[in-house]
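work.pdb (PDB, C-alpha atoms and all ligand atoms)
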ATOM      1  CA  MET A 716      -4.789 -15.549  -3.979  1.00  0.00           C
ATOM      2  CA  THR A 717      -3.386 -12.421  -5.539  1.00  0.00           C
ATOM      3  CA  ARG A 718      -0.596  -9.993  -4.782  1.00  0.00           C
ATOM      4  CA  ILE A 719       0.484  -6.645  -6.066  1.00  0.00           C
ATOM      5  CA  CYS A 720       2.838  -6.482  -9.031  1.00  0.00           C
ATOM      6  CA  PRO A 721       6.351  -7.423  -7.837  1.00  0.00           C
ATOM      7  CA  HIS A 722       8.061  -5.543 -10.679  1.00  0.00           C
ATOM      8  CA  CYS A 723       6.930  -2.095  -9.624  1.00  0.00           C
ATOM      9  CA  ASN A 724       5.628  -2.799  -6.128  1.00  0.00           C
ATOM     10  CA  GLY A 725       2.033  -2.288  -7.225  1.00  0.00           C
ATOM     11  CA  GLU A 726       2.517   1.051  -8.939  1.00  0.00           C
ATOM     12  CA  CYS A 727       0.919  -0.219 -12.143  1.00  0.00           C
ATOM     13  CA  GLY A 728      -2.128  -1.391 -10.196  1.00  0.00           C
ATOM     14  CA  SER A 729      -1.918  -4.867 -11.684  1.00  0.00           C
ATOM     15  CA  LEU A 730      -2.663  -7.897  -9.536  1.00  0.00           C
ATOM     16  CA  TRP A 731      -0.770 -11.127 -10.018  1.00  0.00           C
ATOM     17  CA  ARG A 732      -2.472 -14.440  -9.472  1.00  0.00           C
ATOM     18  CA  ARG A 733      -0.854 -17.266  -7.582  1.00  0.00           C
ATOM     19  CA  GLU A 734      -0.286 -20.437  -9.564  1.00  0.00           C
ATOM     20  CA  VAL A 735      -0.737 -23.305  -7.144  1.00  0.00           C
ATOM     21  CA  SER A 736       0.687 -26.011  -9.411  1.00  0.00           C
ATOM     22  CA  MET A 737       3.775 -23.951 -10.189  1.00  0.00           C
ATOM     23  CA  SER A 738       4.144 -23.097  -6.523  1.00  0.00           C
ATOM     24  CA  ASN A 739       4.215 -26.780  -5.673  1.00  0.00           C
ATOM     25  CA  ALA A 740       6.839 -27.405  -8.330  1.00  0.00           C
ATOM     26  CA  TYR A 741       9.083 -24.638  -7.079  1.00  0.00           C
ATOM     27  CA  ARG A 742       8.151 -25.176  -3.414  1.00  0.00           C
ATOM     28  CA  GLU A 743       7.692 -21.416  -3.219  1.00  0.00           C
ATOM     29  CA  ALA A 744       4.972 -18.971  -4.035  1.00  0.00           C
ATOM     30  CA  PHE A 745       4.804 -18.506  -7.785  1.00  0.00           C
ATOM     31  CA  TYR A 746       2.750 -15.701  -9.274  1.00  0.00           C
ATOM     32  CA  SER A 747       1.788 -15.010 -12.835  1.00  0.00           C
ATOM     33  CA  GLY A 748       0.799 -11.655 -14.231  1.00  0.00           C
ATOM     34  CA  SER A 749       1.941  -8.741 -16.299  1.00  0.00           C
ATOM     35  CA  CYS A 750       3.290  -5.375 -15.311  1.00  0.00           C
ATOM     36  CA  ARG A 751       1.482  -2.593 -17.126  1.00  0.00           C
ATOM     37  CA  ILE A 752       4.375  -0.200 -16.617  1.00  0.00           C
ATOM     38  CA  LYS A 753       6.970  -2.715 -17.682  1.00  0.00           C
ATOM     39  CA  ASN A 754       4.950  -3.582 -20.771  1.00  0.00           C
ATOM     40  CA  LYS A 755       4.807   0.066 -21.742  1.00  0.00           C
ATOM     41  CA  VAL A 756       8.416   0.939 -21.105  1.00  0.00           C
ATOM     42  CA  LYS A 757      10.972  -1.184 -22.876  1.00  0.00           C
ATOM     43  CA  SER A 758      13.911  -0.374 -20.664  1.00  0.00           C
ATOM     44  CA  ILE A 759      13.914   0.562 -16.996  1.00  0.00           C
ATOM     45  CA  GLY A 760      17.034   1.585 -15.122  1.00  0.00           C
TER
HETATM   46 ZN    ZN B   1       3.809  -3.448 -12.297  1.00  0.00          ZN
END
Now, as a test, write the supplied structure out as structure tokens.
Ligand SMILES: [Zn+2]
Amino acid sequence: MTRICPHCNGECGSLWRREVSMSNAYREAFYSGSCRIKNKVKSIG
């Protein structure tokens, strides 16, 4: 299961992958991935 990047609402086009084991630990959906925009820009806002 994947979702769009939560950091930029999918603007970077990166998909984050759901980590089932982590989701069970946190009892919530846990996604792992990297934001291409956030990785490029050091400071936002
Ligand atoms: Zn992003």
Checklist line | Residue neighbourhood Arg718 in chain A, 7 Å, only C-alpha atoms, exclusion window fewer than 6 positions, as a ChimeraX atom specification | finding: /A:730-732
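Distances from A:Ile752, A:Met716, A:Ala740, A:Phe745 to Gly728 in chain A were compared using only C-alpha atoms, and the smallest one belongs to A:Ile752.
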Next item on the list: Apply the PyMOL selection byres (((chain A and resi 750) around 7) and not hetatm) to the structure shown and report the selected residues as a ChimeraX atom specification.
Entry: /A:720,722,727,729,748-749,751-754
Preceding selection exported with C-alpha atoms as a PDB file, keeping the file's coordinate frame:
ATOM      1  CA  CYS A 720       2.838  -6.482  -9.031  1.00  0.00           C
ATOM      2  CA  HIS A 722       8.061  -5.543 -10.679  1.00  0.00           C
ATOM      3  CA  CYS A 727       0.919  -0.219 -12.143  1.00  0.00           C
ATOM      4  CA  SER A 729      -1.918  -4.867 -11.684  1.00  0.00           C
ATOM      5  CA  GLY A 748       0.799 -11.655 -14.231  1.00  0.00           C
ATOM      6  CA  SER A 749       1.941  -8.741 -16.299  1.00  0.00           C
ATOM      7  CA  ARG A 751       1.482  -2.593 -17.126  1.00  0.00           C
ATOM      8  CA  ILE A 752       4.375  -0.200 -16.617  1.00  0.00           C
ATOM      9  CA  LYS A 753       6.970  -2.715 -17.682  1.00  0.00           C
ATOM     10  CA  ASN A 754       4.950  -3.582 -20.771  1.00  0.00           C
TER      11      ASN A 754
END
Check: Of the candidates A:Ser747, A:Ser736, A:Thr717, A:Asn724, which one gets nearest to ligand ZN 1 (chain B) if we count all atoms listed in the file?
Finding: A:Asn724
